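K.L.:
This is the structure I have questions about; it appears just below.
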Amino acid sequence: MGKKKQEMAQVYSNSNNEFIFGENGGRGKHLSSFLKNLSLTGSSASKSPSSSTKPDDYQEANSNIYGSLAWGAPKGTGGMPRGVSNSGSIISSSLKRTPTQRSVSLGTPSAHRSPTREEYTKTPGSSSRRRSQSNSRYADLDDDWDAGLDEVSVVPKQPENRNFPMLDSLYPDLTLPSASSSTSNLESPKKESMDFEDYQAKLEINKLNQLNSKYSKFRKVLTTDSSINLQDLRKLAWNGIPPELRALTWQILLGYLPTNKSRQRSTLKRKRQEYMEGIEAVANIDFEDDAPSNTSSTSIGTNREKQLYHQINIDVKRTHPTIKLYSFPEVQLSLRKILYLWAVRHPASGYVQGINDLCTPFFQIFLGHYLWQLQRKASIQKQGNEAEEDLFIQGLMDDTDTAEQALLQDPRLGDYTIDTFNPKLISSRVLSLIEADTYWCLSRLLENITDNYIHEQPGILRQVGDLKNLISRIDIELLNHFDHEGIEFIQFAFRWMNCLLMREVSINLITRMWDTYLSETPLGFNNFHVYVCAAFLVKFSSELKHMDFQEILLFLQNPPTQSWTEKDVELMLSEAFIWQSLYKNASAHLRN
Amino acid sequence: MSFPNPATSVKLVLLGEAAVGKSSLVLRFVSNDFQENKEPTIGAAFLTQKCTIGERTIKYEIWDTAGQERFALLAPMYYRNAQAALVVYDITKPASFIKARHWVKELHEQASKDITIALVGNKFDLVEDDEEDSLRKVSVEEGQNLAEEEGLLFFETSAKTSYNVNEVFIGIGSKIPDSSANQPEAIRENNQGRIDLTSNNASGGSSGSGDCAC
Ligand SMILES: Nc1nc2c(ncn2[C@@H]2O[C@H](COP(=O)(O)OP(=O)(O)OP(=O)(O)O)[C@@H](O)[C@H]2O)c(=O)[nH]1
Ligand SMILES: [Mg+2]
């Protein structure tokens with residue numbers, strides 16, 4: 001109740017939009033001073049006397065890490081080249097490799113040899129002696145996926161005991177050839193030593209088995225105990241959540257659903273109620289009106305409210321214009337309510353373009369979850385299958401809901417997906433529950449990045465600076481090339497931060513990325529995201545280095561991710577993870 | 001005439017309230033296309049397009065900025081070195097015209113002194129068949145007056161029907177003096193647009209869209 005009061009107390013009062021954070025927009029630096037700093041950071045990063053490490057050392061450490069990953073992965077995988085700028089080449093070369101080949105030459109000009117086992121056991125020690133500050137961080141890597149967790153031991157284990165859960169799911173996928181490889185033929189041996197089709201069939205089976213066991217692992221964590229072990233759940237979820245369990249898992253990881261299962265139902269009930277009350281409290285907005293004019297005299301809100309609603313309305317219409325779901329008036333109505341309520345309750349930021357994008361993964365995953373519940377229920381009724389109701393988010397189903405009963409009888413129910421489903425078929429009751437859940441989850445997410453949307457957007461400016469810093473360590477050549485061409489990071493990376501790469505990567509892959517973001521502690525939407533952006537940029541490094549100013553901007557505005565699959569994203573996430581482990585302390589140190 | 005003139009590069013920035021149709025105008029100009037629901041621009045988008053005006057070929061390097069107030073702090077970065085600016089409003093939204101006034105003022109105060117500015121009232125299609133002009137909220141005269149006072153080119157356009165869109169860019173191109181736009185490399189490196197004091201935009205005669213036959 002105390003919390004509720006506090007949140008309700010933030011309700012918009014017609015005062016200055018920025019009051020919470022003070023006159024100057026709080027902690028924000030002025031843009032001009034930021035830009036000045038931005039141009040300084042690149043060089044000061046490597047010259048700073050307090051940083052004893054030259055970029056080369058980092059790069060060396062980098063290649064060691066890649067080598068270690070390759071070594072720790074099941075037999076047959078090659079090392080990832082430093083900077084993994086061409087995933088295609090790794091993949092195809094690893095296909096042709098025999099399990100005994102440890103030391104592999106990769107065809108990229110900057111390729112480093114994967115360290116052999118002996119080298120591997122030596123290198124971590126020597127490099128950490130040089131860089132004592134990141135020593136523990138580095139050792140953590142071998143320990144677990146979640147090096148950021150406090151309770152993870154930093155005592156190095158015997159190599160034989162080391163495992164890489166992060167790669168458990170990555171490994172089989174890494175060996176699939178990528179369609180977009182341009183240089184793979186340069187280094188591939190000419191003769192095909194393996195029957196490719198056999199190999200693929202094997203992979204398929206592997207993958208199915210893995211999905212199955214993944215599902216049961218999640219099931220176990222989610223249902224066995226009366227209180228869900230968050231650590232275990234994070235650990236699993238980092239590598240991707242089965243679609244059916246995504247909604248439930250996300251809500252738990254966000255802390256929206258309590259881990260104590262006996263408290264889930266009541267919490268949901270209270271939160272949903274609170275949302276409905278919040279919507280009722282903004283009585284002066286007619287959410288049904290999707291063509292408001294910001295000057296219309298009929299509505300009774302203040303100018304500021306009308307302006308806000310107008311902005312949200314025009315953006316909701318322009319949200320995911322290519323996805324059918326978002327063209328339905330029912331869905332647009334829901335988004336308008338969610339965004340408006342969030343904006344009036346958070347006057348320091350208010351509504352900022354891009355937030356409309358951020359609420360959509362929640363909305364569609366939760367809607368999809370309701371569909372799944374219906375499908376499960378219908379299939380028990382027909383075939384007496386196991387209900388799995390212990391994996392349902394509670395309170396969505398209601399026997400008295402006529403729309404729901406109709407859907408349960410609908411012969412096409414089993415075929416409905418988020419992409420084909422007509423949201424008119426579900427009741428407004430369910431829609432408002434999904435809205436409420438979306439609202440609270442969006443709020444939780446945004447709590448982590450409030451600085452991104454307040455006056456002058458200091459969070460974004462910092463992230464853009466951090467990204468540049470990071471690139472100066474990971475790929476100094478790319479940074480130099482950008483400098484030479486006059487590219488400013490803010491010109492392309494602003495959007496990456498403001499929309500969390502949602503404009504660059506398709507929503508299905510974004511949901512996969514969020515599995516990992518939500519498993520990071522603290523949540524990955526702030527700092528971890530910067531490492532992901534670095535991995536994203538460096539992926540295209542070799543192409544970018546041959547482009548001029550205009551080509552670079554045009555390329556980065558429309559990066560070739562259309563053909564991406566989950567493995568591209570997972571590779572990017574693992575790289576981000578590695579870099580975070582390597583540079584986390586260093587970057588905080590440099591900034592202050 | 002066997003040697004085509006080398007293209008002169010012109011840096012152009014679009015400013016204006018959210019959803020007035022900046023991105024749509026650029027999309028029409030660059031790809032001759034229109035999308036009913038275009039995603040809001042975040043930060044700014046970069047595009048290029050060539051345009052031949054008589055003997056001259058102009059290559060526009062376009063920064064299409066985001067209209068929302070929150071992003072307005074980024075705008076100076078984009079108009080700082082611009083040689084041309086389109087200040088866009090929606091003729092059915094009076095608030096967007098007020099915003100346009102502000103942008104013109106800011107450009108005159110902060111941007112390069114010889115910047116060529118066009119004031120563009122967009123969404124003309126909405127009032128085209130509208131007998132009583134009930135949707136139109138900003139009259140042609142209001143637009144024209146502002147343009148005359150401030151020494152701007154003035155157009156009413158529709159990104160949807162493509163009415164007058166090319167004319168805007170041709171109009172701008174014809175006003176850009178050859179000398180200020182002939183060395184693309186030099187321009188990019190040159191951050192001192194303000195040093196040029198040849199202030200020639202105060203003289204009138206620049207309004208109206210009559211000189212855009214092509
Ligand atoms: N009827 C009509 N609609 C238009 C016209 N130009 C743009 N629109 C519509 O107006 C909406 C906003 O257009 P955008 O081009 O995205 O506007 P913008 O100024 O770039 O907006 P921000 O990027 O948010 O600053 C879209 O739904 C367009 O389809 C026009 O000439 N006529
Ligand atoms: Mg736009």
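Ordered as shown in the structure tokens, chains take letters A, B, and onward, while each chain numbers its residues from 1 and ligands are numbered from 1 in the order shown.
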Can you tell me, as a ChimeraX atom specification, what residues are no more than 8 Å from A:Leu467 when counting only C-alpha atoms, ignoring any on the same chain fewer than 4 positions away?
P.N.:
/A:463,471,530-531,533-534
K.L.:
Can you tell me, as a count of residues only, what residues are no more than 8 Å from B:Leu135 when counting only C-alpha atoms, ignoring any on the same chain fewer than 6 positions away?
P.N.:
3
K.L.:
Identify every residue of chain A that has at least one atom within 8 Å of any atom of chain B, counting only C-alpha atoms, and report the result as an MDAnalysis selection string.
P.N.:
chainID A and resid 31 293:294 311 314:315 317:321 352:354 453 455:457 486 491 494:495 498 553:554 557
K.L.:
Those residues you just picked out, can you put them in a file as a compact mmCIF listing (two decimals), in the first residue's frame with C-alpha atoms?
P.N.:
# COMPACT_ATOMS: atom_id res chain seq x y z
CA LEU A 31 24.80 18.80 -24.79
CA SER A 293 -6.79 17.62 -32.62
CA ASN A 294 -4.42 19.31 -30.24
CA GLN A 311 1.65 12.99 -29.62
CA ILE A 314 0.03 9.90 -33.76
CA ASP A 315 2.86 7.65 -32.65
CA LYS A 317 -0.65 4.85 -35.35
CA ARG A 318 2.92 4.75 -36.56
CA THR A 319 4.04 1.91 -34.28
CA HIS A 320 5.29 -1.19 -36.11
CA PRO A 321 3.52 -0.18 -39.31
CA VAL A 352 9.23 10.24 -25.47
CA GLN A 353 9.13 8.77 -28.94
CA GLY A 354 10.60 5.32 -28.82
CA TYR A 453 14.11 10.10 -21.42
CA HIS A 455 15.37 16.54 -20.19
CA GLU A 456 18.48 16.47 -22.41
CA GLN A 457 18.46 12.67 -22.28
CA GLY A 486 33.78 12.63 -39.76
CA GLN A 491 24.57 10.31 -35.47
CA PHE A 494 21.36 7.77 -30.55
CA ARG A 495 18.58 5.69 -32.00
CA ASN A 498 16.64 5.44 -27.52
CA LEU A 553 25.47 6.40 -42.27
CA LEU A 554 23.20 4.86 -44.85
CA GLN A 557 20.54 3.33 -40.63
K.L.:
Apply DSSP to the structure's backbone, then extract all residues of stretch 537-584 of chain A labelled alpha helix (DSSP H) and return them as a ChimeraX atom specification.
P.N.:
/A:537-539,541-544,549-557,566-584
K.L.:
Do a neighbour search on A:Ala535 at 7 Å with only C-alpha atoms, toss out local chain neighbours closer than 6 positions, and write the hits as a VMD selection string.
P.N.:
chain A and resid 572 575 to 576
K.L.:
Could you write out that same residue set with N, CA, C and O atoms as a PDB file, in the first residue's frame?
P.N.:
ATOM      1  N   MET A 572      25.997 -12.337 -30.753  1.00  0.00           N
ATOM      2  CA  MET A 572      26.185 -10.943 -30.362  1.00  0.00           C
ATOM      3  C   MET A 572      26.074 -10.785 -28.843  1.00  0.00           C
ATOM      4  O   MET A 572      26.873 -10.076 -28.225  1.00  0.00           O
ATOM      5  N   GLU A 575      29.215 -12.101 -27.153  1.00  0.00           N
ATOM      6  CA  GLU A 575      30.321 -11.153 -27.272  1.00  0.00           C
ATOM      7  C   GLU A 575      30.148 -10.009 -26.291  1.00  0.00           C
ATOM      8  O   GLU A 575      31.103  -9.590 -25.631  1.00  0.00           O
ATOM      9  N   ALA A 576      28.921  -9.516 -26.230  1.00  0.00           N
ATOM     10  CA  ALA A 576      28.637  -8.421 -25.297  1.00  0.00           C
ATOM     11  C   ALA A 576      28.977  -8.846 -23.875  1.00  0.00           C
ATOM     12  O   ALA A 576      29.568  -8.097 -23.103  1.00  0.00           O
TER      13      ALA A 576
END
K.L.:
Near B:Thr57, counting only C-alpha atoms, which residues have an atom at most 7 Å away, once you skip same-chain residues fewer than 6 positions from it, shown as a ChimeraX atom specification?
P.N.:
/B:5-8,50-51
K.L.:
Excluding same-chain residues fewer than 4 positions from stretch 142-147 of chain B, what lies within 9 Å of it counting only C-alpha atoms, as a PyMOL selection string?
P.N.:
chain B and resi 97+101+118-121+138+151-156+206-208
K.L.:
Can you write out the residues you just picked, keeping N, CA and C atoms, as a tab-separated table (two decimals), in the first residue's frame?
P.N.:
chain	number	residue	atom	x	y	z
B	97	PHE	N	2.57	25.47	-36.84
B	97	PHE	CA	3.01	26.71	-37.48
B	97	PHE	C	3.75	27.59	-36.47
B	101	ARG	N	7.66	28.95	-36.68
B	101	ARG	CA	8.19	30.29	-36.38
B	101	ARG	C	9.43	30.21	-35.49
B	118	ALA	N	13.59	27.31	-46.58
B	118	ALA	CA	12.27	27.25	-47.20
B	118	ALA	C	11.24	26.91	-46.13
B	119	LEU	N	10.16	27.65	-46.13
B	119	LEU	CA	9.04	27.35	-45.24
B	119	LEU	C	8.06	26.49	-46.02
B	120	VAL	N	7.69	25.36	-45.43
B	120	VAL	CA	6.88	24.40	-46.17
B	120	VAL	C	5.63	24.03	-45.37
B	121	GLY	N	4.48	24.37	-45.92
B	121	GLY	CA	3.21	23.96	-45.31
B	121	GLY	C	2.76	22.66	-45.97
B	138	VAL	N	-4.10	26.88	-41.13
B	138	VAL	CA	-3.10	27.92	-41.38
B	138	VAL	C	-3.31	28.39	-42.82
B	151	GLY	N	12.40	36.42	-45.08
B	151	GLY	CA	13.21	36.15	-46.26
B	151	GLY	C	13.36	34.67	-46.57
B	152	LEU	N	12.24	33.98	-46.60
B	152	LEU	CA	12.28	32.54	-46.84
B	152	LEU	C	11.60	32.21	-48.15
B	153	LEU	N	11.94	31.10	-48.72
B	153	LEU	CA	11.13	30.55	-49.79
B	153	LEU	C	9.86	30.00	-49.15
B	154	PHE	N	8.79	29.92	-49.92
B	154	PHE	CA	7.55	29.41	-49.33
B	154	PHE	C	6.84	28.46	-50.29
B	155	PHE	N	6.43	27.32	-49.76
B	155	PHE	CA	5.69	26.34	-50.56
B	155	PHE	C	4.60	25.71	-49.71
B	156	GLU	N	3.51	25.36	-50.38
B	156	GLU	CA	2.58	24.41	-49.77
B	156	GLU	C	2.70	23.12	-50.56
B	206	SER	N	11.67	36.50	-52.31
B	206	SER	CA	11.99	35.08	-52.31
B	206	SER	C	10.77	34.21	-52.06
B	207	SER	N	9.66	34.84	-51.78
B	207	SER	CA	8.49	34.01	-51.49
B	207	SER	C	7.78	33.61	-52.78
B	208	GLY	N	6.82	32.77	-52.63
B	208	GLY	CA	6.07	32.32	-53.79
B	208	GLY	C	6.72	31.14	-54.45
K.L.:
Identify, on the basis of only C-alpha atoms, every residue whose closest approach to A:Ser266 does not exceed 12 Å; exclude the query and any residue fewer than 5 positions from it along the same chain; express the result as number ranges by chain.
P.N.:
A: 256-258, 260-261, 271-273, 393-395
K.L.:
Could you please take those selected residues and save N, CA, C and O atoms as a compact mmCIF listing (two decimals), in the first residue's frame?
P.N.:
# COMPACT_ATOMS: atom_id res chain seq x y z
N TYR A 256 7.83 -8.23 -11.34
CA TYR A 256 6.40 -7.90 -11.34
C TYR A 256 5.61 -9.02 -10.67
O TYR A 256 4.77 -8.78 -9.81
N LEU A 257 5.91 -10.23 -11.03
CA LEU A 257 5.33 -11.38 -10.34
C LEU A 257 6.26 -11.79 -9.22
O LEU A 257 7.46 -11.97 -9.44
N PRO A 258 5.73 -11.96 -8.00
CA PRO A 258 6.59 -12.41 -6.91
C PRO A 258 7.08 -13.84 -7.14
O PRO A 258 6.38 -14.65 -7.76
N ASN A 260 7.47 -15.90 -4.81
CA ASN A 260 6.64 -16.71 -3.92
C ASN A 260 5.28 -16.94 -4.57
O ASN A 260 4.48 -16.02 -4.75
N LYS A 261 5.03 -18.21 -4.95
CA LYS A 261 3.89 -18.45 -5.81
C LYS A 261 2.55 -18.22 -5.12
O LYS A 261 1.57 -17.88 -5.76
N LYS A 271 -2.29 -5.23 -8.63
CA LYS A 271 -1.64 -4.39 -9.63
C LYS A 271 -2.59 -4.06 -10.77
O LYS A 271 -2.63 -2.94 -11.27
N ARG A 272 -3.36 -5.06 -11.17
CA ARG A 272 -4.28 -4.82 -12.28
C ARG A 272 -5.36 -3.84 -11.87
O ARG A 272 -5.73 -2.95 -12.64
N GLN A 273 -5.80 -3.99 -10.64
CA GLN A 273 -6.80 -3.08 -10.10
C GLN A 273 -6.25 -1.64 -10.09
O GLN A 273 -6.91 -0.69 -10.50
N ILE A 393 -0.08 -17.65 -16.33
CA ILE A 393 -0.19 -16.40 -15.58
C ILE A 393 -1.63 -16.31 -15.13
O ILE A 393 -2.56 -16.48 -15.93
N GLN A 394 -1.81 -16.05 -13.84
CA GLN A 394 -3.16 -16.22 -13.30
C GLN A 394 -4.09 -15.05 -13.56
O GLN A 394 -3.66 -13.94 -13.82
N GLY A 395 -5.37 -15.39 -13.50
CA GLY A 395 -6.39 -14.36 -13.58
C GLY A 395 -6.81 -13.96 -14.99
O GLY A 395 -7.63 -13.07 -15.15
K.L.:
In Å, with one decimal, what is the gap from atom CA of A:Ile418 to atom CA of A:Leu509?
P.N.:
14.7 Å
K.L.:
Compare A:Leu208, A:Val316, A:Leu230, A:Ala247 by their minimum atom-to-atom distance to ligand 1, counting only C-alpha atoms and all ligand atoms, and give me the closest one.
P.N.:
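Checking each candidate against ligand 1, we get A:Val316 as the closest.
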K.L.:
Calculated over only C-alpha atoms and all ligand atoms, which of the candidates A:Val430, A:Leu203, A:Ala291, A:Leu254 has the smallest distance to ligand 1?
P.N.:
A:Ala291
